[in-house]
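Participant: The structure under discussion is supplied below as structure tokens; questions concerning it will follow.
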Amino acid sequence: MANDGIDSDGQPVNDGAERPSALKRPGVRRVLFLGAAVVVIGVGAWVLHYVTRGQYLEDTNDAFIQADAVTVSPRISGYVDAVLVGDNQDVKAGQPLVKIDPRDYNAQAAQYQAQIDVAKANAENVRAGIGEQEAAIAQAQAQLASAEEDARYAEREAARYAPLAASGAETKEHLATLRNQAAKARATADAQRAALTSAQRRIAALNAQVQQAQAQGEAARAQLASAHVNVGSTVLTASVDGRIGDRTVRAGQFVQAGTRLMSVVPLSKLYVTANFKETQIGLMRPGQPATIEVDALNGTKIRGHVESVSPGTGSQFSLLPPQNATGNFTKIVQRVPVRIAIDAGPEARRVLVPGLSVTVTVDTIGERGSQQAIAKQEKARRTGDK
């Protein structure tokens with residue numbers, strides 16, 4: 001069949017020749033063949049990669065860089081003397097951050113030191129009284145010994161004159177006088193013994209006063225130690241290396257104990273919290289390699305590894321955990337927080353800050369035999385139960 005054409009005058013023209021199909025041209029067929037081969041090879045390579053490795057790569061873009069920031073708060077209340085750091089300043093552990101007016105706490109420390117000195121003086125005074133009382137005890141012992149000797153002498157004299165009075169050699173009046181003297185001497189000896197006992201008991205009372213003064217001194221020392229802690233707390237220092245953030249304190253401001261003044265973000269200890277779907281964590285284990293794609297670095301990928309897997313989904317740790325046993329139920333795929341350690345160098349860490357969005361891919365190929373092993377164990381257990 002001839003092909004029709006149009007001449008220069010707009011009239012149809014029949015050239016009388018039949019043009020060949022484009023598919024019959026060798027060049028076109030080679031291009032199509034090569035294209036089809038490339039597509040088949042590409043699809044085959046993708047399928048092979050997915051079967052051997054791709055299906056074990058779990059990724060999520062619900063991931064963010066985080067850090068365990070330390071909140072700087074005072075232990076004591078007072079007026080801020082000076083703020084020693086600025087916004088976004090890098091600090092080292094132990095570096096002073098804020099100074100609170102210490103004068104009130106120094107005065108308390110001085111007061112407790114004075115109480116310690118008073119208690120010490122009281123104890124020394126009582127010990128001096130104990131020394132005097134010991135001398136009085138010695139005197140009472142000597143007086144008791146003398147009174148005992150007088151009583152024994154008077155009793156012997158009365159006993160010696162008793163036979164003489166009975167025989168009439170001595171008068172009964174003299175014997176009565178001797179017996180009266182013996183009774184008085186014995187009473188005097190008993191009085192001296194009582195005085196000695198009282199003096200000895202006084203020593204015990206004085207020792208108790210010494211112990212009381214010592215206890216008061218110990219209490220004052222404990223209060224002094226607490227006052228020294230308060231004095232030391234007037235200077236707030238950084239507990240970790242990091243960078244200052246959210247600084248709200250100003251010089252001259254009155255701060256209460258526990259008030260948040262600023263935060264120290266340990267940028268050297270950054271990590272990623274990646275929230276994977278529950279269908280993705282079956283083969284996820286600590287130690288598995290991970291790739292972290294950071295949006296702030298134009299998609300630059302850095303290395304990391306799985307550090308730990310949360311013991312529950314995010315909903316379980318919410319303020320009001322869901323109670324699915326009531327009302328209607330709609331199944332929603334839950335997400336499990338997975339902590340990813342960052343294995344990047346210092347150059348990459350320099351631009352990483354908490355809150356940045358990232359995409360995390362975890363390679364779980366190392367656990368590809370776990371599901372089959374679990375299935376075999378459960379199958380064997382069910383068979384054994386039957």
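Each chain in the structure tokens gets a letter, A, B, ..., in the order shown, and its residues are numbered from 1; ligands are numbered from 1 in order too.
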Skip Asp104 (chain A) itself and residues of its chain fewer than 4 positions away, then list as a list in words all residues within 10 Å of it, counting only C-alpha atoms.

Facilitator: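 The contact residues come out as Gly78, Gln108, Ala109, Ala110, Ala227, Asn230 and Val231 of chain A.
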
Participant: Given the selection you just returned, output its residues as a file containing N, CA and C atoms, formatted as a PDB file, in the first residue's frame.

Facilitator:
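Listed below is the output, out-v5.pdb:
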```pdb
ATOM      1  N   GLY A  78      18.765  32.437  97.669  1.00  0.00           N
ATOM      2  CA  GLY A  78      19.578  33.626  97.881  1.00  0.00           C
ATOM      3  C   GLY A  78      19.627  34.495  96.646  1.00  0.00           C
ATOM      4  N   GLN A 108      25.829  31.910 109.466  1.00  0.00           N
ATOM      5  CA  GLN A 108      25.325  30.701 110.112  1.00  0.00           C
ATOM      6  C   GLN A 108      26.475  29.784 110.518  1.00  0.00           C
ATOM      7  N   ALA A 109      27.452  29.654 109.662  1.00  0.00           N
ATOM      8  CA  ALA A 109      28.610  28.822 109.999  1.00  0.00           C
ATOM      9  C   ALA A 109      29.339  29.370 111.219  1.00  0.00           C
ATOM     10  N   ALA A 110      29.504  30.694 111.280  1.00  0.00           N
ATOM     11  CA  ALA A 110      30.157  31.298 112.449  1.00  0.00           C
ATOM     12  C   ALA A 110      29.341  31.068 113.720  1.00  0.00           C
ATOM     13  N   ALA A 227      26.232  23.857 107.456  1.00  0.00           N
ATOM     14  CA  ALA A 227      26.440  25.257 107.062  1.00  0.00           C
ATOM     15  C   ALA A 227      27.573  25.370 106.049  1.00  0.00           C
ATOM     16  N   ASN A 230      26.256  24.441 102.752  1.00  0.00           N
ATOM     17  CA  ASN A 230      25.503  25.564 102.182  1.00  0.00           C
ATOM     18  C   ASN A 230      26.435  26.637 101.635  1.00  0.00           C
ATOM     19  N   VAL A 231      27.523  26.895 102.370  1.00  0.00           N
ATOM     20  CA  VAL A 231      28.487  27.885 101.881  1.00  0.00           C
ATOM     21  C   VAL A 231      29.098  27.408 100.561  1.00  0.00           C
TER      22      VAL A 231
END
```

Participant: Could you give me, as number ranges by chain, the residues within 7 Å of region 305-321 of chain A, counting only C-alpha atoms and dropping anything in the same chain fewer than 5 positions from it?

Facilitator: A: 285-290, 334-342

Participant: Would you write out those residues with N, CA and C atoms, as an mmCIF file, in the first residue's frame?

Facilitator:
```cif
data_model
loop_
_atom_site.group_PDB
_atom_site.id
_atom_site.type_symbol
_atom_site.label_atom_id
_atom_site.label_comp_id
_atom_site.auth_asym_id
_atom_site.auth_seq_id
_atom_site.Cartn_x
_atom_site.Cartn_y
_atom_site.Cartn_z
ATOM 1 N N ARG A 285 18.546 -6.112 67.606
ATOM 2 C CA ARG A 285 19.298 -6.475 68.810
ATOM 3 C C ARG A 285 20.371 -5.407 69.085
ATOM 4 N N PRO A 286 20.755 -5.226 70.347
ATOM 5 C CA PRO A 286 21.860 -4.300 70.649
ATOM 6 C C PRO A 286 23.151 -4.723 69.949
ATOM 7 N N GLY A 287 23.866 -3.719 69.481
ATOM 8 C CA GLY A 287 25.133 -3.971 68.791
ATOM 9 C C GLY A 287 25.039 -3.979 67.288
ATOM 10 N N GLN A 288 23.840 -4.048 66.730
ATOM 11 C CA GLN A 288 23.701 -4.084 65.272
ATOM 12 C C GLN A 288 24.087 -2.736 64.669
ATOM 13 N N PRO A 289 24.736 -2.747 63.485
ATOM 14 C CA PRO A 289 25.157 -1.490 62.858
ATOM 15 C C PRO A 289 23.956 -0.693 62.363
ATOM 16 N N ALA A 290 24.117 0.612 62.375
ATOM 17 C CA ALA A 290 23.049 1.505 61.928
ATOM 18 C C ALA A 290 23.653 2.632 61.109
ATOM 19 N N GLN A 334 1.949 0.221 66.946
ATOM 20 C CA GLN A 334 2.694 0.891 68.008
ATOM 21 C C GLN A 334 4.162 1.087 67.603
ATOM 22 N N ARG A 335 4.796 2.015 68.272
ATOM 23 C CA ARG A 335 6.211 2.280 68.008
ATOM 24 C C ARG A 335 7.021 2.062 69.280
ATOM 25 N N VAL A 336 8.210 1.513 69.106
ATOM 26 C CA VAL A 336 9.096 1.188 70.220
ATOM 27 C C VAL A 336 10.347 2.055 70.113
ATOM 28 N N PRO A 337 10.665 2.842 71.139
ATOM 29 C CA PRO A 337 11.889 3.651 71.096
ATOM 30 C C PRO A 337 13.141 2.769 71.143
ATOM 31 N N VAL A 338 14.052 3.028 70.238
ATOM 32 C CA VAL A 338 15.329 2.315 70.168
ATOM 33 C C VAL A 338 16.442 3.349 70.263
ATOM 34 N N ARG A 339 17.357 3.113 71.175
ATOM 35 C CA ARG A 339 18.471 4.064 71.374
ATOM 36 C C ARG A 339 19.623 3.680 70.462
ATOM 37 N N ILE A 340 20.048 4.642 69.648
ATOM 38 C CA ILE A 340 21.132 4.431 68.688
ATOM 39 C C ILE A 340 22.334 5.271 69.110
ATOM 40 N N ALA A 341 23.457 4.623 69.333
ATOM 41 C CA ALA A 341 24.700 5.344 69.661
ATOM 42 C C ALA A 341 25.312 5.905 68.386
ATOM 43 N N ILE A 342 25.856 7.101 68.476
ATOM 44 C CA ILE A 342 26.467 7.773 67.324
ATOM 45 C C ILE A 342 27.962 7.495 67.333
#
```

Participant: I'd like the neighbourhood of region 206-219 of chain A as a PyMOL selection string, where a residue qualifies if any of its atoms comes within 7 Å (using only C-alpha atoms), though same-chain residues fewer than 3 positions away should be ignored.

Facilitator: chain A and resi 116+119-120+122-123+126-127+130+202-203+222-223

Participant: From the set A:Leu267, A:Ala138, A:Met284, A:Ala380, which residue has the shortest atom-to-atom contact distance to Pro346 (chain A), counting only C-alpha atoms?

Facilitator: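 That would be A:Leu267, the residue with the smallest distance to Pro346 (chain A).
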
Participant: Just to confirm, what's the straight-line distance from CA of Ile100 (chain A) to CA of Arg243 (chain A) in Å (one decimal)?

Facilitator: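 CA of Ile100 (chain A) sits 21.2 Å away from CA of Arg243 (chain A).
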
Participant: Select from region 36-279 of chain A everything DSSP, run on the backbone, classes as strand (DSSP E or B), then give the selection as a ChimeraX atom specification.

Facilitator: /A:57-66,70-72,78-83,90-91,96-100,235-237,242-245,254-255,262-265,271-277

Participant: Residues as selected, N, CA and C atoms, written as a CSV table (one decimal), in the first residue's frame, can you do that?

Facilitator:
```csv
chain,number,residue,atom,x,y,z
A,57,LEU,N,17.0,-4.6,56.2
A,57,LEU,CA,17.3,-3.2,56.5
A,57,LEU,C,16.0,-2.5,57.0
A,58,GLU,N,16.0,-2.2,58.3
A,58,GLU,CA,14.8,-1.5,58.9
A,58,GLU,C,15.1,0.0,59.0
A,59,ASP,N,14.2,0.9,58.5
A,59,ASP,CA,14.5,2.3,58.6
A,59,ASP,C,13.2,3.0,59.1
A,60,THR,N,13.5,4.2,59.7
A,60,THR,CA,12.4,5.1,60.1
A,60,THR,C,12.9,6.5,60.1
A,61,ASN,N,12.0,7.4,59.8
A,61,ASN,CA,12.3,8.8,59.9
A,61,ASN,C,11.7,9.5,61.1
A,62,ASP,N,11.1,8.7,62.0
A,62,ASP,CA,10.6,9.1,63.3
A,62,ASP,C,11.8,9.0,64.3
A,63,ALA,N,12.8,9.8,64.1
A,63,ALA,CA,14.0,9.7,64.9
A,63,ALA,C,14.6,11.1,65.1
A,64,PHE,N,15.2,11.3,66.3
A,64,PHE,CA,15.7,12.6,66.6
A,64,PHE,C,17.0,12.4,67.5
A,65,ILE,N,17.9,13.4,67.3
A,65,ILE,CA,19.1,13.4,68.2
A,65,ILE,C,18.7,13.9,69.5
A,66,GLN,N,19.2,13.3,70.6
A,66,GLN,CA,18.9,13.7,71.9
A,66,GLN,C,20.2,13.7,72.8
A,70,VAL,N,21.7,18.2,81.7
A,70,VAL,CA,21.7,18.4,83.1
A,70,VAL,C,21.2,19.7,83.5
A,71,THR,N,20.1,19.7,84.3
A,71,THR,CA,19.5,21.0,84.8
A,71,THR,C,20.3,21.6,85.9
A,72,VAL,N,20.7,22.8,85.8
A,72,VAL,CA,21.5,23.5,86.9
A,72,VAL,C,20.5,24.2,87.8
A,78,GLY,N,18.8,32.4,97.7
A,78,GLY,CA,19.6,33.6,97.9
A,78,GLY,C,19.6,34.5,96.6
A,79,TYR,N,20.3,35.6,96.8
A,79,TYR,CA,20.5,36.5,95.7
A,79,TYR,C,21.7,36.2,94.9
A,80,VAL,N,21.6,36.2,93.6
A,80,VAL,CA,22.7,35.9,92.7
A,80,VAL,C,23.7,37.0,92.6
A,81,ASP,N,24.9,36.7,93.0
A,81,ASP,CA,26.0,37.7,93.0
A,81,ASP,C,26.5,37.9,91.6
A,82,ALA,N,26.7,36.8,90.9
A,82,ALA,CA,27.3,36.9,89.5
A,82,ALA,C,27.0,35.6,88.7
A,83,VAL,N,26.8,35.8,87.4
A,83,VAL,CA,26.6,34.7,86.4
A,83,VAL,C,27.9,34.7,85.7
A,90,ASP,N,30.6,26.8,75.9
A,90,ASP,CA,31.2,25.5,76.2
A,90,ASP,C,31.8,25.6,77.6
A,91,VAL,N,31.5,24.6,78.4
A,91,VAL,CA,32.1,24.6,79.8
A,91,VAL,C,32.7,23.2,80.0
A,96,PRO,N,32.9,26.9,87.4
A,96,PRO,CA,31.9,27.7,88.1
A,96,PRO,C,30.9,28.3,87.1
A,97,LEU,N,29.6,28.3,87.4
A,97,LEU,CA,28.6,28.8,86.5
A,97,LEU,C,27.9,30.0,87.1
A,98,VAL,N,27.5,29.9,88.4
A,98,VAL,CA,26.7,31.0,89.1
A,98,VAL,C,27.2,31.1,90.5
A,99,LYS,N,27.3,32.3,91.0
A,99,LYS,CA,27.7,32.5,92.4
A,99,LYS,C,26.5,33.2,93.1
A,100,ILE,N,26.1,32.6,94.3
A,100,ILE,CA,25.0,33.2,95.1
A,100,ILE,C,25.7,33.9,96.3
A,235,VAL,N,28.3,28.5,95.2
A,235,VAL,CA,29.0,28.5,93.9
A,235,VAL,C,28.5,27.2,93.1
A,236,LEU,N,27.7,27.4,92.1
A,236,LEU,CA,27.2,26.3,91.3
A,236,LEU,C,28.2,26.0,90.2
A,237,THR,N,28.6,24.8,90.0
A,237,THR,CA,29.5,24.3,89.0
A,237,THR,C,28.9,23.3,88.1
A,242,GLY,N,30.0,20.2,78.6
A,242,GLY,CA,28.9,20.4,77.7
A,242,GLY,C,28.8,21.9,77.3
A,243,ARG,N,27.6,22.2,76.8
A,243,ARG,CA,27.4,23.6,76.3
A,243,ARG,C,26.1,24.2,77.1
A,244,ILE,N,26.2,25.4,77.5
A,244,ILE,CA,25.2,26.1,78.2
A,244,ILE,C,24.0,26.3,77.3
A,245,GLY,N,22.8,26.0,77.8
A,245,GLY,CA,21.6,26.3,77.0
A,245,GLY,C,20.4,26.7,78.0
A,254,PHE,N,16.8,37.0,92.8
A,254,PHE,CA,16.6,36.1,93.9
A,254,PHE,C,16.1,34.7,93.4
A,255,VAL,N,16.8,33.7,93.8
A,255,VAL,CA,16.4,32.3,93.3
A,255,VAL,C,16.1,31.5,94.5
A,262,MET,N,19.6,27.1,84.3
A,262,MET,CA,20.2,26.9,83.0
A,262,MET,C,20.3,25.3,82.8
A,263,SER,N,20.7,24.9,81.6
A,263,SER,CA,21.0,23.5,81.4
A,263,SER,C,22.4,23.4,80.8
A,264,VAL,N,23.0,22.3,81.1
A,264,VAL,CA,24.3,21.9,80.5
A,264,VAL,C,24.1,20.7,79.6
A,265,VAL,N,24.3,20.9,78.3
A,265,VAL,CA,24.0,19.8,77.3
A,265,VAL,C,25.3,19.1,77.0
A,271,TYR,N,23.0,10.9,71.4
A,271,TYR,CA,22.5,9.7,70.9
A,271,TYR,C,21.2,9.9,70.1
A,272,VAL,N,20.7,8.9,69.4
A,272,VAL,CA,19.5,9.0,68.6
A,272,VAL,C,18.4,8.1,69.2
A,273,THR,N,17.3,8.7,69.4
A,273,THR,CA,16.1,7.9,69.7
A,273,THR,C,15.3,7.7,68.5
A,274,ALA,N,15.2,6.5,68.0
A,274,ALA,CA,14.5,6.1,66.8
A,274,ALA,C,13.3,5.3,67.2
A,275,ASN,N,12.1,5.8,66.7
A,275,ASN,CA,10.9,5.1,67.1
A,275,ASN,C,10.4,4.2,65.9
A,276,PHE,N,10.8,2.9,66.1
A,276,PHE,CA,10.5,1.9,65.0
A,276,PHE,C,9.1,1.3,65.3
A,277,LYS,N,8.5,0.9,64.2
A,277,LYS,CA,7.2,0.2,64.3
A,277,LYS,C,7.4,-1.1,64.9
```

Participant: Rounded to one decimal place, report the CA of Gly94 (chain A)-CA of Val249 (chain A) distance in Å.

Facilitator: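 Interatomic distance, CA of Gly94 (chain A) to CA of Val249 (chain A): 18.8 Å.
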
Participant: Kindly assemble as a tab-separated table a list of the region 99-162 of chain A residues that lie within 8 Å of region 172-178 of chain A, each paired with its nearest atom pair and their distance in Å to one decimal, using only C-alpha atoms, sorted first by chain and then by ascending residue number.

Facilitator:
```
residue	atom	partner	partner_atom	distance
A:Ala154	CA	A:Leu178	CA	6.8
A:Glu155	CA	A:Leu178	CA	8.0
A:Glu157	CA	A:Leu178	CA	6.8
A:Ala158	CA	A:Leu178	CA	5.1
A:Tyr161	CA	A:Leu175	CA	6.1
A:Ala162	CA	A:Leu175	CA	6.4
```

Participant: Store the residues picked out above in a file with N, CA and C atoms, as a PDB file, in the first residue's frame.

Facilitator:
```pdb
ATOM      1  N   ALA A 154      34.999   3.640 170.859  1.00  0.00           N
ATOM      2  CA  ALA A 154      33.942   3.862 171.853  1.00  0.00           C
ATOM      3  C   ALA A 154      33.211   2.566 172.164  1.00  0.00           C
ATOM      4  N   GLU A 155      33.018   1.732 171.159  1.00  0.00           N
ATOM      5  CA  GLU A 155      32.340   0.454 171.374  1.00  0.00           C
ATOM      6  C   GLU A 155      33.206  -0.479 172.231  1.00  0.00           C
ATOM      7  N   GLU A 157      35.427   0.506 174.522  1.00  0.00           N
ATOM      8  CA  GLU A 157      35.415   1.045 175.876  1.00  0.00           C
ATOM      9  C   GLU A 157      34.123   0.663 176.608  1.00  0.00           C
ATOM     10  N   ALA A 158      33.013   0.760 175.877  1.00  0.00           N
ATOM     11  CA  ALA A 158      31.740   0.390 176.515  1.00  0.00           C
ATOM     12  C   ALA A 158      31.707  -1.096 176.840  1.00  0.00           C
ATOM     13  N   TYR A 161      33.915  -1.701 180.023  1.00  0.00           N
ATOM     14  CA  TYR A 161      33.378  -1.259 181.303  1.00  0.00           C
ATOM     15  C   TYR A 161      32.095  -1.989 181.700  1.00  0.00           C
ATOM     16  N   ALA A 162      31.515  -2.729 180.770  1.00  0.00           N
ATOM     17  CA  ALA A 162      30.258  -3.429 181.091  1.00  0.00           C
ATOM     18  C   ALA A 162      30.454  -4.450 182.222  1.00  0.00           C
TER      19      ALA A 162
END
```

Participant: Kindly indicate which residue among A:Thr364, A:Ser77, A:Thr326, A:Ser233 lies nearest to Gln280 (chain A), using only C-alpha atoms for the distances.

Facilitator: A:Thr364

Participant: Check the smallest atom-to-atom distance from each of A:Ile332, A:Leu270, A:Ala142, A:Leu356 to Val294 (chain A) using only C-alpha atoms, then report the winner.

Facilitator: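 Among A:Ile332, A:Leu270, A:Ala142, A:Leu356, it is A:Leu356 that comes nearest to Val294 (chain A).
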
Participant: Could you pull out the alpha helix (DSSP H) residues of region 57-289 of chain A, going by DSSP on the backbone, and write them as an MDAnalysis selection string?

Facilitator: chainID A and resid 103:167 172:232

Participant: Please indicate the distance in Å from CA of Val229 (chain A) to CA of Gln89 (chain A), rounded to one decimal place.

Facilitator: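 For CA of Val229 (chain A) relative to CA of Gln89 (chain A), the distance reads 27.4 Å.
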
Participant: Nearest to Leu352 (chain A) among A:Gly131, A:Gly366, A:Pro266, A:Gly282, with distances taken over only C-alpha atoms: which residue is it?

Facilitator: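 Closest to Leu352 (chain A), using only C-alpha atoms: A:Pro266.
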
Participant: Which of these residues is nearest to Arg350 (chain A), using only C-alpha atoms: A:Ala195, A:Val85, A:Ala205, A:Ala296?

Facilitator: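 Of all the options, A:Ala296 lies closest to Arg350 (chain A).
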